[in-house]
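Dumped run_16.pdb below, it's PDB, C-alpha atoms, pLDDT in the B column:
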ATOM      1  CA  MET D   1      12.741 -43.130  -1.766  1.00 34.00           C
ATOM      2  CA  LYS D   2      15.033 -40.113  -1.587  1.00 31.00           C
ATOM      3  CA  LYS D   3      18.064 -40.277  -3.749  1.00 30.00           C
ATOM      4  CA  ARG D   4      20.061 -37.522  -5.287  1.00 30.00           C
ATOM      5  CA  LEU D   5      19.261 -36.943  -8.927  1.00 27.00           C
ATOM      6  CA  LEU D   6      21.661 -38.601 -11.279  1.00 27.00           C
ATOM      7  CA  SER D   7      23.027 -36.471 -14.099  1.00 26.00           C
ATOM      8  CA  ALA D   8      20.581 -34.158 -15.827  1.00 25.00           C
ATOM      9  CA  THR D   9      18.660 -35.603 -18.722  1.00 24.00           C
ATOM     10  CA  LEU D  10      21.143 -36.552 -21.397  1.00 24.00           C
ATOM     11  CA  SER D  11      20.620 -37.167 -25.062  1.00 25.00           C
ATOM     12  CA  LEU D  12      22.530 -40.220 -26.030  1.00 26.00           C
ATOM     13  CA  VAL D  13      22.726 -42.717 -28.823  1.00 25.00           C
ATOM     14  CA  LEU D  14      22.751 -46.383 -27.947  1.00 27.00           C
ATOM     15  CA  SER D  15      24.003 -49.027 -30.316  1.00 29.00           C
ATOM     16  CA  ILE D  16      23.400 -52.696 -29.660  1.00 31.00           C
ATOM     17  CA  CYS D  17      22.540 -55.620 -31.913  1.00 36.00           C
ATOM     18  CA  CYS D  18      21.362 -54.278 -35.243  1.00 33.00           C
ATOM     19  CA  PHE D  19      19.655 -51.175 -33.754  1.00 35.00           C
ATOM     20  CA  ASN D  20      20.645 -47.530 -33.565  1.00 32.00           C
ATOM     21  CA  VAL D  21      18.202 -45.653 -31.358  1.00 34.00           C
ATOM     22  CA  SER D  22      18.306 -42.282 -29.615  1.00 32.00           C
ATOM     23  CA  ALA D  23      17.183 -42.345 -25.990  1.00 39.00           C
ATOM     24  CA  PHE D  24      17.118 -40.135 -22.931  1.00 44.00           C
ATOM     25  CA  ALA D  25      18.523 -40.980 -19.516  1.00 47.00           C
ATOM     26  CA  LEU D  26      15.955 -40.927 -16.731  1.00 48.00           C
ATOM     27  CA  PRO D  27      16.396 -39.314 -13.300  1.00 49.00           C
ATOM     28  CA  SER D  28      16.499 -41.971 -10.589  1.00 47.00           C
ATOM     29  CA  THR D  29      14.095 -40.182  -8.240  1.00 50.00           C
ATOM     30  CA  THR D  30      11.255 -40.077 -10.778  1.00 59.00           C
ATOM     31  CA  TYR D  31      10.393 -43.753 -10.932  1.00 75.00           C
ATOM     32  CA  PRO D  32      10.165 -45.782  -7.717  1.00 81.00           C
ATOM     33  CA  LEU D  33      11.609 -49.237  -7.316  1.00 88.00           C
ATOM     34  CA  SER D  34       9.634 -52.155  -5.961  1.00 89.00           C
ATOM     35  CA  GLU D  35      10.816 -54.166  -3.002  1.00 89.00           C
ATOM     36  CA  ILE D  36      14.127 -55.881  -3.634  1.00 92.00           C
ATOM     37  CA  VAL D  37      14.522 -59.657  -3.754  1.00 95.00           C
ATOM     38  CA  THR D  38      17.858 -61.447  -3.695  1.00 95.00           C
ATOM     39  CA  TYR D  39      19.206 -64.661  -5.192  1.00 97.00           C
ATOM     40  CA  ASN D  40      22.677 -66.155  -5.431  1.00 96.00           C
ATOM     41  CA  GLY D  41      24.451 -62.911  -4.560  1.00 94.00           C
ATOM     42  CA  HIS D  42      22.316 -60.753  -6.877  1.00 96.00           C
ATOM     43  CA  SER D  43      19.516 -58.257  -6.180  1.00 96.00           C
ATOM     44  CA  TYR D  44      16.394 -57.541  -8.282  1.00 97.00           C
ATOM     45  CA  ALA D  45      13.648 -54.920  -8.386  1.00 95.00           C
ATOM     46  CA  ILE D  46      10.916 -53.679 -10.716  1.00 95.00           C
ATOM     47  CA  VAL D  47      11.225 -50.124 -12.008  1.00 94.00           C
ATOM     48  CA  ASP D  48       7.674 -48.796 -11.905  1.00 91.00           C
ATOM     49  CA  TYR D  49       7.717 -46.867 -15.166  1.00 91.00           C
ATOM     50  CA  LYS D  50       6.895 -47.748 -18.764  1.00 93.00           C
ATOM     51  CA  THR D  51       9.460 -46.897 -21.408  1.00 94.00           C
ATOM     52  CA  ASP D  52      11.171 -48.442 -24.447  1.00 96.00           C
ATOM     53  CA  TRP D  53      13.798 -51.153 -24.126  1.00 97.00           C
ATOM     54  CA  PHE D  54      16.806 -48.958 -24.933  1.00 96.00           C
ATOM     55  CA  THR D  55      15.881 -46.322 -22.364  1.00 94.00           C
ATOM     56  CA  ALA D  56      15.241 -49.061 -19.799  1.00 95.00           C
ATOM     57  CA  LYS D  57      18.688 -50.492 -20.528  1.00 96.00           C
ATOM     58  CA  GLU D  58      20.363 -47.118 -20.037  1.00 93.00           C
ATOM     59  CA  TYR D  59      18.384 -46.405 -16.879  1.00 92.00           C
ATOM     60  CA  CYS D  60      19.462 -49.702 -15.281  1.00 93.00           C
ATOM     61  CA  GLU D  61      23.088 -48.965 -16.094  1.00 92.00           C
ATOM     62  CA  GLN D  62      22.797 -45.511 -14.508  1.00 88.00           C
ATOM     63  CA  LEU D  63      21.606 -47.203 -11.317  1.00 89.00           C
ATOM     64  CA  GLY D  64      24.633 -49.475 -11.288  1.00 90.00           C
ATOM     65  CA  GLY D  65      22.861 -52.574 -12.626  1.00 94.00           C
ATOM     66  CA  HIS D  66      21.514 -54.019 -15.866  1.00 97.00           C
ATOM     67  CA  LEU D  67      18.265 -55.333 -17.284  1.00 98.00           C
ATOM     68  CA  VAL D  68      17.568 -58.698 -15.692  1.00 98.00           C
ATOM     69  CA  THR D  69      19.142 -61.796 -17.214  1.00 98.00           C
ATOM     70  CA  ILE D  70      17.412 -65.040 -16.236  1.00 97.00           C
ATOM     71  CA  THR D  71      19.795 -67.927 -16.683  1.00 97.00           C
ATOM     72  CA  SER D  72      18.104 -70.689 -14.667  1.00 96.00           C
ATOM     73  CA  GLU D  73      14.717 -71.845 -13.431  1.00 94.00           C
ATOM     74  CA  ASP D  74      15.824 -71.239  -9.839  1.00 96.00           C
ATOM     75  CA  GLU D  75      16.662 -67.626 -10.663  1.00 96.00           C
ATOM     76  CA  GLU D  76      13.288 -67.101 -12.313  1.00 93.00           C
ATOM     77  CA  GLN D  77      11.460 -68.612  -9.347  1.00 91.00           C
ATOM     78  CA  ALA D  78      13.371 -66.255  -7.056  1.00 94.00           C
ATOM     79  CA  ILE D  79      12.164 -63.143  -8.884  1.00 93.00           C
ATOM     80  CA  ILE D  80       8.592 -64.258  -9.671  1.00 89.00           C
ATOM     81  CA  PRO D  81       7.325 -62.768  -6.354  1.00 89.00           C
ATOM     82  CA  LEU D  82       8.064 -59.345  -7.870  1.00 91.00           C
ATOM     83  CA  TYR D  83       5.632 -59.872 -10.757  1.00 87.00           C
ATOM     84  CA  ARG D  84       2.200 -58.258 -10.655  1.00 85.00           C
ATOM     85  CA  TYR D  85      -0.860 -59.726 -12.292  1.00 79.00           C
ATOM     86  CA  LYS D  86      -1.280 -58.682 -15.949  1.00 80.00           C
ATOM     87  CA  GLU D  87       1.896 -56.639 -16.002  1.00 88.00           C
ATOM     88  CA  TYR D  88       4.813 -57.096 -18.387  1.00 91.00           C
ATOM     89  CA  TYR D  89       8.505 -56.441 -17.841  1.00 95.00           C
ATOM     90  CA  PHE D  90      11.461 -55.976 -20.139  1.00 97.00           C
ATOM     91  CA  THR D  91      14.479 -58.215 -19.618  1.00 97.00           C
ATOM     92  CA  GLY D  92      18.001 -58.047 -20.988  1.00 98.00           C
ATOM     93  CA  GLY D  93      17.272 -60.678 -23.640  1.00 98.00           C
ATOM     94  CA  TYR D  94      17.588 -59.722 -27.315  1.00 98.00           C
ATOM     95  CA  THR D  95      18.168 -61.151 -30.779  1.00 97.00           C
ATOM     96  CA  GLU D  96      20.027 -59.871 -33.816  1.00 95.00           C
ATOM     97  CA  ASP D  97      18.714 -62.368 -36.341  1.00 93.00           C
ATOM     98  CA  HIS D  98      15.359 -63.522 -34.877  1.00 90.00           C
ATOM     99  CA  GLU D  99      16.846 -66.973 -34.376  1.00 89.00           C
ATOM    100  CA  THR D 100      19.603 -66.778 -31.759  1.00 96.00           C
ATOM    101  CA  TRP D 101      18.834 -65.124 -28.419  1.00 98.00           C
ATOM    102  CA  LYS D 102      21.413 -63.443 -26.214  1.00 98.00           C
ATOM    103  CA  TRP D 103      21.730 -61.720 -22.839  1.00 98.00           C
ATOM    104  CA  ILE D 104      23.130 -58.183 -22.688  1.00 97.00           C
ATOM    105  CA  THR D 105      25.700 -59.314 -20.107  1.00 97.00           C
ATOM    106  CA  GLY D 106      27.164 -61.940 -22.433  1.00 97.00           C
ATOM    107  CA  GLU D 107      25.968 -64.804 -20.241  1.00 97.00           C
ATOM    108  CA  THR D 108      25.171 -68.037 -22.027  1.00 96.00           C
ATOM    109  CA  PHE D 109      21.564 -68.252 -23.220  1.00 97.00           C
ATOM    110  CA  GLU D 110      20.751 -71.829 -22.222  1.00 96.00           C
ATOM    111  CA  TYR D 111      17.632 -71.533 -20.035  1.00 96.00           C
ATOM    112  CA  SER D 112      14.352 -70.172 -21.435  1.00 95.00           C
ATOM    113  CA  ASN D 113      10.699 -70.130 -20.402  1.00 92.00           C
ATOM    114  CA  TRP D 114       8.816 -69.078 -23.525  1.00 92.00           C
ATOM    115  CA  ALA D 115       5.034 -68.826 -23.339  1.00 87.00           C
ATOM    116  CA  PRO D 116       3.168 -71.201 -25.705  1.00 85.00           C
ATOM    117  CA  GLY D 117       3.724 -70.168 -29.336  1.00 87.00           C
ATOM    118  CA  GLU D 118       6.596 -67.831 -28.514  1.00 91.00           C
ATOM    119  CA  PRO D 119       8.849 -66.446 -29.807  1.00 94.00           C
ATOM    120  CA  ASN D 120       6.843 -65.721 -32.962  1.00 93.00           C
ATOM    121  CA  ASN D 121       8.404 -62.460 -34.278  1.00 95.00           C
ATOM    122  CA  VAL D 122       5.117 -60.854 -35.302  1.00 93.00           C
ATOM    123  CA  GLY D 123       5.757 -58.316 -38.060  1.00 92.00           C
ATOM    124  CA  GLY D 124       9.435 -59.247 -38.169  1.00 93.00           C
ATOM    125  CA  VAL D 125      10.304 -56.646 -35.524  1.00 95.00           C
ATOM    126  CA  GLU D 126      10.121 -58.507 -32.209  1.00 97.00           C
ATOM    127  CA  THR D 127      13.713 -58.359 -31.039  1.00 97.00           C
ATOM    128  CA  VAL D 128      13.639 -58.257 -27.211  1.00 98.00           C
ATOM    129  CA  ILE D 129      12.159 -60.378 -24.415  1.00 97.00           C
ATOM    130  CA  HIS D 130       9.601 -59.391 -21.841  1.00 94.00           C
ATOM    131  CA  LEU D 131       7.992 -61.396 -19.047  1.00 91.00           C
ATOM    132  CA  ASN D 132       4.297 -62.079 -18.466  1.00 78.00           C
ATOM    133  CA  ARG D 133       2.300 -62.952 -15.423  1.00 64.00           C
ATOM    134  CA  PHE D 134      -0.915 -64.354 -16.817  1.00 58.00           C
ATOM    135  CA  GLU D 135      -2.591 -66.089 -13.890  1.00 57.00           C
ATOM    136  CA  GLU D 136      -3.899 -64.192 -10.876  1.00 53.00           C
ATOM    137  CA  VAL D 137      -3.905 -66.881  -8.212  1.00 50.00           C
ATOM    138  CA  PHE D 138      -0.940 -69.011  -9.233  1.00 49.00           C
ATOM    139  CA  PRO D 139       2.019 -66.875 -10.377  1.00 52.00           C
ATOM    140  CA  ASN D 140       2.619 -68.688 -13.634  1.00 58.00           C
ATOM    141  CA  SER D 141       4.629 -66.784 -16.175  1.00 66.00           C
ATOM    142  CA  GLY D 142       6.075 -66.957 -19.641  1.00 84.00           C
ATOM    143  CA  TRP D 143       8.402 -65.107 -21.961  1.00 92.00           C
ATOM    144  CA  ASN D 144       7.374 -63.272 -25.100  1.00 92.00           C
ATOM    145  CA  ASP D 145       9.268 -61.509 -27.870  1.00 95.00           C
ATOM    146  CA  ILE D 146       8.168 -57.934 -28.556  1.00 95.00           C
ATOM    147  CA  PRO D 147       9.482 -54.849 -30.393  1.00 97.00           C
ATOM    148  CA  SER D 148      12.143 -52.832 -28.572  1.00 97.00           C
ATOM    149  CA  SER D 149       9.975 -49.735 -29.092  1.00 97.00           C
ATOM    150  CA  SER D 150       7.179 -51.151 -26.919  1.00 96.00           C
ATOM    151  CA  GLN D 151       6.450 -49.312 -23.690  1.00 96.00           C
ATOM    152  CA  GLU D 152       6.905 -51.600 -20.690  1.00 95.00           C
ATOM    153  CA  LYS D 153       8.039 -51.629 -17.084  1.00 95.00           C
ATOM    154  CA  PHE D 154      11.282 -53.468 -16.493  1.00 96.00           C
ATOM    155  CA  ILE D 155      13.317 -55.458 -13.999  1.00 96.00           C
ATOM    156  CA  ILE D 156      16.730 -54.278 -12.886  1.00 97.00           C
ATOM    157  CA  GLU D 157      19.381 -56.685 -11.637  1.00 97.00           C
ATOM    158  CA  TRP D 158      22.448 -55.809  -9.583  1.00 96.00           C
ATOM    159  CA  ASP D 159      25.351 -58.235  -9.327  1.00 94.00           C
ATOM    160  CA  THR D 160      25.627 -57.543  -5.599  1.00 92.00           C
ATOM    161  CA  LEU D 161      23.649 -57.780  -2.360  1.00 90.00           C
ATOM    162  CA  GLN D 162      24.928 -54.370  -1.257  1.00 88.00           C
ATOM    163  CA  VAL D 163      22.342 -52.312  -3.127  1.00 91.00           C
ATOM    164  CA  TYR D 164      21.614 -50.346   0.027  1.00 89.00           C
ATOM    165  CA  PRO D 165      24.162 -49.954   2.830  1.00 88.00           C
ATOM    166  CA  THR D 166      23.619 -52.184   5.853  1.00 87.00           C
ATOM    167  CA  SER D 167      25.523 -49.576   7.852  1.00 90.00           C
ATOM    168  CA  PHE D 168      27.781 -46.591   7.328  1.00 94.00           C
ATOM    169  CA  ILE D 169      30.446 -44.777   9.319  1.00 96.00           C
ATOM    170  CA  VAL D 170      30.796 -41.084  10.155  1.00 97.00           C
ATOM    171  CA  VAL D 171      34.492 -40.653   9.401  1.00 97.00           C
ATOM    172  CA  ASN D 172      35.059 -37.525  11.484  1.00 95.00           C
ATOM    173  CA  GLY D 173      33.240 -38.840  14.562  1.00 96.00           C
ATOM    174  CA  TYR D 174      29.838 -38.894  16.231  1.00 97.00           C
ATOM    175  CA  PHE D 175      30.521 -36.037  18.690  1.00 97.00           C
ATOM    176  CA  LEU D 176      31.626 -32.886  16.895  1.00 97.00           C
ATOM    177  CA  ASN D 177      32.302 -29.283  17.834  1.00 97.00           C
ATOM    178  CA  VAL D 178      31.773 -26.304  15.567  1.00 97.00           C
ATOM    179  CA  ARG D 179      32.310 -22.606  16.178  1.00 96.00           C
ATOM    180  CA  ASN D 180      29.391 -20.226  16.058  1.00 96.00           C
ATOM    181  CA  GLY D 181      29.164 -18.901  12.485  1.00 96.00           C
ATOM    182  CA  LYS D 182      31.514 -21.559  11.102  1.00 97.00           C
ATOM    183  CA  THR D 183      30.827 -24.665   9.050  1.00 97.00           C
ATOM    184  CA  LEU D 184      31.828 -28.311   9.332  1.00 97.00           C
ATOM    185  CA  GLN D 185      31.562 -31.020   6.686  1.00 98.00           C
ATOM    186  CA  ILE D 186      30.355 -34.411   7.930  1.00 98.00           C
ATOM    187  CA  VAL D 187      32.072 -37.197   5.967  1.00 97.00           C
ATOM    188  CA  LEU D 188      30.518 -40.659   5.535  1.00 97.00           C
ATOM    189  CA  GLU D 189      32.053 -43.984   4.577  1.00 95.00           C
ATOM    190  CA  PHE D 190      29.899 -46.752   3.067  1.00 93.00           C
ATOM    191  CA  PRO D 191      30.544 -50.487   2.753  1.00 88.00           C
ATOM    192  CA  SER D 192      32.350 -51.522  -0.397  1.00 83.00           C
ATOM    193  CA  GLY D 193      29.897 -52.392  -3.174  1.00 81.00           C
ATOM    194  CA  ALA D 194      26.950 -50.349  -1.902  1.00 87.00           C
ATOM    195  CA  ILE D 195      25.134 -48.762  -4.856  1.00 89.00           C
ATOM    196  CA  PHE D 196      22.643 -46.328  -3.300  1.00 88.00           C
ATOM    197  CA  THR D 197      24.674 -44.256  -0.864  1.00 89.00           C
ATOM    198  CA  ASP D 198      22.612 -41.052  -0.853  1.00 88.00           C
ATOM    199  CA  VAL D 199      21.146 -40.045   2.492  1.00 93.00           C
ATOM    200  CA  THR D 200      18.919 -37.401   4.047  1.00 95.00           C
ATOM    201  CA  TRP D 201      20.164 -35.069   6.776  1.00 98.00           C
ATOM    202  CA  VAL D 202      17.957 -33.577   9.530  1.00 98.00           C
ATOM    203  CA  SER D 203      18.932 -31.275  12.399  1.00 98.00           C
ATOM    204  CA  SER D 204      17.063 -31.602  15.696  1.00 98.00           C
ATOM    205  CA  ASP D 205      17.357 -27.827  16.139  1.00 98.00           C
ATOM    206  CA  PRO D 206      18.213 -25.868  12.990  1.00 97.00           C
ATOM    207  CA  THR D 207      18.375 -22.632  15.021  1.00 97.00           C
ATOM    208  CA  ILE D 208      21.498 -24.021  16.730  1.00 98.00           C
ATOM    209  CA  ALA D 209      23.044 -26.063  13.930  1.00 98.00           C
ATOM    210  CA  SER D 210      21.703 -26.256  10.381  1.00 98.00           C
ATOM    211  CA  VAL D 211      22.642 -28.964   7.886  1.00 98.00           C
ATOM    212  CA  ASP D 212      22.237 -29.060   4.126  1.00 97.00           C
ATOM    213  CA  GLN D 213      21.624 -32.155   2.019  1.00 94.00           C
ATOM    214  CA  ASN D 214      25.352 -32.562   1.406  1.00 96.00           C
ATOM    215  CA  GLY D 215      26.119 -32.876   5.108  1.00 97.00           C
ATOM    216  CA  LEU D 216      27.525 -29.363   5.617  1.00 98.00           C
ATOM    217  CA  VAL D 217      26.760 -28.218   9.161  1.00 98.00           C
ATOM    218  CA  LYS D 218      26.697 -24.546  10.174  1.00 98.00           C
ATOM    219  CA  GLY D 219      26.857 -23.368  13.792  1.00 98.00           C
ATOM    220  CA  LEU D 220      24.259 -20.644  14.367  1.00 97.00           C
ATOM    221  CA  LYS D 221      24.166 -20.126  18.146  1.00 96.00           C
ATOM    222  CA  ASN D 222      25.602 -21.719  21.252  1.00 97.00           C
ATOM    223  CA  GLY D 223      24.023 -25.004  22.228  1.00 97.00           C
ATOM    224  CA  THR D 224      23.766 -28.632  21.220  1.00 98.00           C
ATOM    225  CA  ALA D 225      21.816 -30.359  18.474  1.00 98.00           C
ATOM    226  CA  THR D 226      21.837 -33.742  16.791  1.00 98.00           C
ATOM    227  CA  ILE D 227      22.116 -34.478  13.093  1.00 98.00           C
ATOM    228  CA  THR D 228      20.199 -37.584  11.995  1.00 98.00           C
ATOM    229  CA  ILE D 229      21.514 -39.197   8.808  1.00 97.00           C
ATOM    230  CA  THR D 230      19.191 -41.702   7.125  1.00 95.00           C
ATOM    231  CA  ALA D 231      19.778 -43.929   4.104  1.00 91.00           C
ATOM    232  CA  ALA D 232      16.956 -44.884   1.737  1.00 84.00           C
ATOM    233  CA  ASN D 233      16.445 -48.243   3.457  1.00 85.00           C
ATOM    234  CA  GLY D 234      16.177 -46.682   6.917  1.00 89.00           C
ATOM    235  CA  VAL D 235      19.717 -47.267   8.178  1.00 92.00           C
ATOM    236  CA  THR D 236      20.483 -44.329  10.474  1.00 95.00           C
ATOM    237  CA  ALA D 237      23.394 -42.632  12.212  1.00 96.00           C
ATOM    238  CA  ILE D 238      23.194 -39.756  14.704  1.00 97.00           C
ATOM    239  CA  VAL D 239      25.881 -37.137  15.218  1.00 98.00           C
ATOM    240  CA  ALA D 240      25.908 -34.799  18.248  1.00 98.00           C
ATOM    241  CA  ILE D 241      26.905 -31.221  17.441  1.00 98.00           C
ATOM    242  CA  LYS D 242      28.075 -28.719  20.064  1.00 98.00           C
ATOM    243  CA  VAL D 243      28.185 -25.091  18.956  1.00 97.00           C
ATOM    244  CA  THR D 244      30.459 -22.737  20.909  1.00 95.00           C
ATOM    245  CA  TYR D 245      32.072 -19.341  20.496  1.00 90.00           C
TER     246      TYR D 245
END

Output the file's structure in the form of C-alpha cells.
Amino acid sequence: MKKRLLSATLSLVLSICCFNVSAFALPSTTYPLSEIVTYNGHSYAIVDYKTDWFTAKEYCEQLGGHLVTITSEDEEQAIIPLYRYKEYYFTGGYTEDHETWKWITGETFEYSNWAPGEPNNVGGVETVIHLNRFEEVFPNSGWNDIPSSSQEKFIIEWDTLQVYPTSFIVVNGYFLNVRNGKTLQIVLEFPSGAIFTDVTWVSSDPTIASVDQNGLVKGLKNGTATITITAANGVTAIVAIKVTY
C-alpha cells in the first residue's frame, strides 16, 4: 500500500487515565493494514505491527481513526473475521481504577465479552483491553486485561466508510496541454470524508511528459502521453497530456 509518509517521527508525551508515557509516532507506510471490514457506517482494520498501547493509540489517530471500541455483540461479530488464530489485538478499552472500564471515545461501556476469569489485573498493572482468538476452527474470542506496556498488534476503527476514495476528480480536466519545457500541476478532488487520499502517478512515456509523485507534469518533447493516477485501493483516473512548442 503506497501512502505518503505522515510527519517524521515525533517524540510526544501522551496523558490518559492515570498514565504518563512517552511514545513515538509511527510512519503510516511502515506497517501494512489488513483488509477492511465495515459495520454500521464504520470501517475496521488490523495494523500488522506490535507496539505498546499508547503508541498504537497515537498511530490510529494519525491515520484519522482510533483504537477500536466494541459497544455491541453485533459490532464484535462484524470484526471477528479480521482476527487471526493465536493473535492478540489492542482495543481502545482502559481503566483508571481497575474496576470501571471505559472507551477512549467516551462511548458508554455497557457491552463486554471477557474471557473466563477476566479481567483479573495480574500484578496490579493490567489497565487496557486486548482481544483473543483462541480457537482455530471456530472463531471464538474473548477479552483480556493486560499492561499498556505489552507489545501487541491492534485494531483501528474509522467512524466513516470513506476510508479509501470510491472515485476522485481531476479538477483541471482529463485532456491537458503543456508547453515543451514547462510544467503543469494536476489537481485532484476527493469525496468528502475520504481518509487515505494519497495516490501514485505514472507517465506512459516519461520522455514526452514526466510526472512526480505530487502530480507535477513537465513537458519534455512534442508528443502525447497519458498520466495514470491510482489510489491505494485501485481506483484510477487517466489524464491525456499533449506537449507542444

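The spacing separating CA of Thr71 (chain D) from CA of Pro165 (chain D) amounts to 26.9 Å.
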
With all atoms listed in the file as the atoms that count, which of D:Leu161, D:Val37, D:Val125, D:Ala231 lies nearest to Ala194 (chain D)?
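Of the candidates, the smallest distance to Ala194 (chain D) is held by D:Leu161.
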
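From CA of Gly223 (chain D) back to CA of Leu176 (chain D), the distance works out to 12.2 Å.
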
Cut-off 10 Å around (8.4, -51.9, -11.4) with all atoms listed in the file: residues as a VMD selection string:
chain D and resid 31 to 35 45 to 50 82 to 84 87 to 89 152 to 156

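Here CA of Asn121 (chain D) and CA of Tyr44 (chain D) stand 27.6 Å from one another.
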
How would you write as a VMD selection string the residues that get within 12 Å of (23.2, -39.3, 16.5) in the file's frame, counting only C-alpha atoms?
chain D and resid 169 to 170 173 to 176 201 to 204 224 to 230 236 to 241

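With only C-alpha atoms as the basis for measurement, D:Gly219 is the residue among D:Gly106, D:Pro81, D:Gly65, D:Gly219 that approaches Arg179 (chain D) most closely.
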
Selection result of the PyMOL selection byres ((chain D and resi 131) around 12) on this file, as a PyMOL selection string
chain D and resi 46+68-70+76+79-80+82-93+112-115+118-119+128-130+132-134+139-146+152-155

Please evaluate the PyMOL selection byres ((chain D and resi 181-184) around 8) against the displayed coordinates and give the resulting residues as an MDAnalysis selection string.
chainID D and resid 178:180 185:186 216:221

Target residues per the PyMOL selection byres ((chain D and resi 38) around 10), formatted as a list in words:
Ile36, Val37, Tyr39, Asn40, Gly41, His42, Ser43, Tyr44, Ala45, Glu75, Ala78, Ile79, Glu157, Trp158, Asp159, Thr160 and Leu161 of chain D

Since the input lacks some atoms of region 44-50 of chain D, please model all heavy atoms and print them as a PDB file, in the coordinates of the input.
ATOM      1  N   TYR D  44      17.325 -57.803  -7.180  1.00 97.00           N
ATOM      2  CA  TYR D  44      16.394 -57.541  -8.282  1.00 97.00           C
ATOM      3  C   TYR D  44      15.261 -56.633  -7.801  1.00 97.00           C
ATOM      4  O   TYR D  44      14.807 -56.744  -6.662  1.00 97.00           O
ATOM      5  CB  TYR D  44      15.776 -58.849  -8.791  1.00 97.00           C
ATOM      6  CG  TYR D  44      16.754 -59.945  -9.106  1.00 97.00           C
ATOM      7  CD1 TYR D  44      17.304 -60.731  -8.100  1.00 97.00           C
ATOM      8  CD2 TYR D  44      17.141 -60.206 -10.423  1.00 97.00           C
ATOM      9  CE1 TYR D  44      18.208 -61.745  -8.381  1.00 97.00           C
ATOM     10  CE2 TYR D  44      18.040 -61.217 -10.717  1.00 97.00           C
ATOM     11  CZ  TYR D  44      18.574 -61.989  -9.690  1.00 97.00           C
ATOM     12  OH  TYR D  44      19.470 -62.990  -9.968  1.00 97.00           O
ATOM     13  N   ALA D  45      14.798 -55.770  -8.694  1.00 95.00           N
ATOM     14  CA  ALA D  45      13.648 -54.920  -8.386  1.00 95.00           C
ATOM     15  C   ALA D  45      12.956 -54.525  -9.684  1.00 95.00           C
ATOM     16  O   ALA D  45      13.576 -54.483 -10.752  1.00 95.00           O
ATOM     17  CB  ALA D  45      14.084 -53.667  -7.623  1.00 95.00           C
ATOM     18  N   ILE D  46      11.673 -54.220  -9.591  1.00 95.00           N
ATOM     19  CA  ILE D  46      10.916 -53.679 -10.716  1.00 95.00           C
ATOM     20  C   ILE D  46      11.036 -52.162 -10.702  1.00 95.00           C
ATOM     21  O   ILE D  46      10.921 -51.528  -9.645  1.00 95.00           O
ATOM     22  CB  ILE D  46       9.439 -54.093 -10.628  1.00 95.00           C
ATOM     23  CG1 ILE D  46       9.295 -55.586 -10.936  1.00 95.00           C
ATOM     24  CG2 ILE D  46       8.569 -53.273 -11.587  1.00 95.00           C
ATOM     25  CD1 ILE D  46       7.916 -56.132 -10.684  1.00 95.00           C
ATOM     26  N   VAL D  47      11.283 -51.582 -11.858  1.00 94.00           N
ATOM     27  CA  VAL D  47      11.225 -50.124 -12.008  1.00 94.00           C
ATOM     28  C   VAL D  47       9.817 -49.790 -12.481  1.00 94.00           C
ATOM     29  O   VAL D  47       9.379 -50.236 -13.548  1.00 94.00           O
ATOM     30  CB  VAL D  47      12.275 -49.605 -12.999  1.00 94.00           C
ATOM     31  CG1 VAL D  47      12.175 -48.081 -13.124  1.00 94.00           C
ATOM     32  CG2 VAL D  47      13.677 -50.015 -12.548  1.00 94.00           C
ATOM     33  N   ASP D  48       9.100 -49.020 -11.687  1.00 91.00           N
ATOM     34  CA  ASP D  48       7.674 -48.796 -11.905  1.00 91.00           C
ATOM     35  C   ASP D  48       7.446 -47.654 -12.895  1.00 91.00           C
ATOM     36  O   ASP D  48       6.898 -46.603 -12.558  1.00 91.00           O
ATOM     37  CB  ASP D  48       6.995 -48.502 -10.568  1.00 91.00           C
ATOM     38  CG  ASP D  48       5.476 -48.598 -10.651  1.00 91.00           C
ATOM     39  OD1 ASP D  48       4.975 -49.221 -11.604  1.00 91.00           O
ATOM     40  OD2 ASP D  48       4.810 -48.054  -9.762  1.00 91.00           O
ATOM     41  N   TYR D  49       7.871 -47.875 -14.114  1.00 91.00           N
ATOM     42  CA  TYR D  49       7.717 -46.867 -15.166  1.00 91.00           C
ATOM     43  C   TYR D  49       7.765 -47.571 -16.505  1.00 91.00           C
ATOM     44  O   TYR D  49       8.570 -48.480 -16.710  1.00 91.00           O
ATOM     45  CB  TYR D  49       8.834 -45.822 -15.081  1.00 91.00           C
ATOM     46  CG  TYR D  49       8.753 -44.779 -16.169  1.00 91.00           C
ATOM     47  CD1 TYR D  49       7.796 -43.765 -16.101  1.00 91.00           C
ATOM     48  CD2 TYR D  49       9.611 -44.815 -17.269  1.00 91.00           C
ATOM     49  CE1 TYR D  49       7.702 -42.819 -17.116  1.00 91.00           C
ATOM     50  CE2 TYR D  49       9.526 -43.866 -18.270  1.00 91.00           C
ATOM     51  CZ  TYR D  49       8.566 -42.874 -18.191  1.00 91.00           C
ATOM     52  OH  TYR D  49       8.474 -41.936 -19.186  1.00 91.00           O
ATOM     53  N   LYS D  50       6.913 -47.154 -17.434  1.00 93.00           N
ATOM     54  CA  LYS D  50       6.895 -47.748 -18.764  1.00 93.00           C
ATOM     55  C   LYS D  50       7.732 -46.908 -19.725  1.00 93.00           C
ATOM     56  O   LYS D  50       7.545 -45.694 -19.830  1.00 93.00           O
ATOM     57  CB  LYS D  50       5.459 -47.862 -19.281  1.00 93.00           C
ATOM     58  CG  LYS D  50       4.627 -48.907 -18.563  1.00 93.00           C
ATOM     59  CD  LYS D  50       3.258 -49.053 -19.190  1.00 93.00           C
ATOM     60  CE  LYS D  50       2.459 -50.151 -18.513  1.00 93.00           C
ATOM     61  NZ  LYS D  50       1.131 -50.340 -19.153  1.00 93.00           N
TER      62      LYS D  50
END
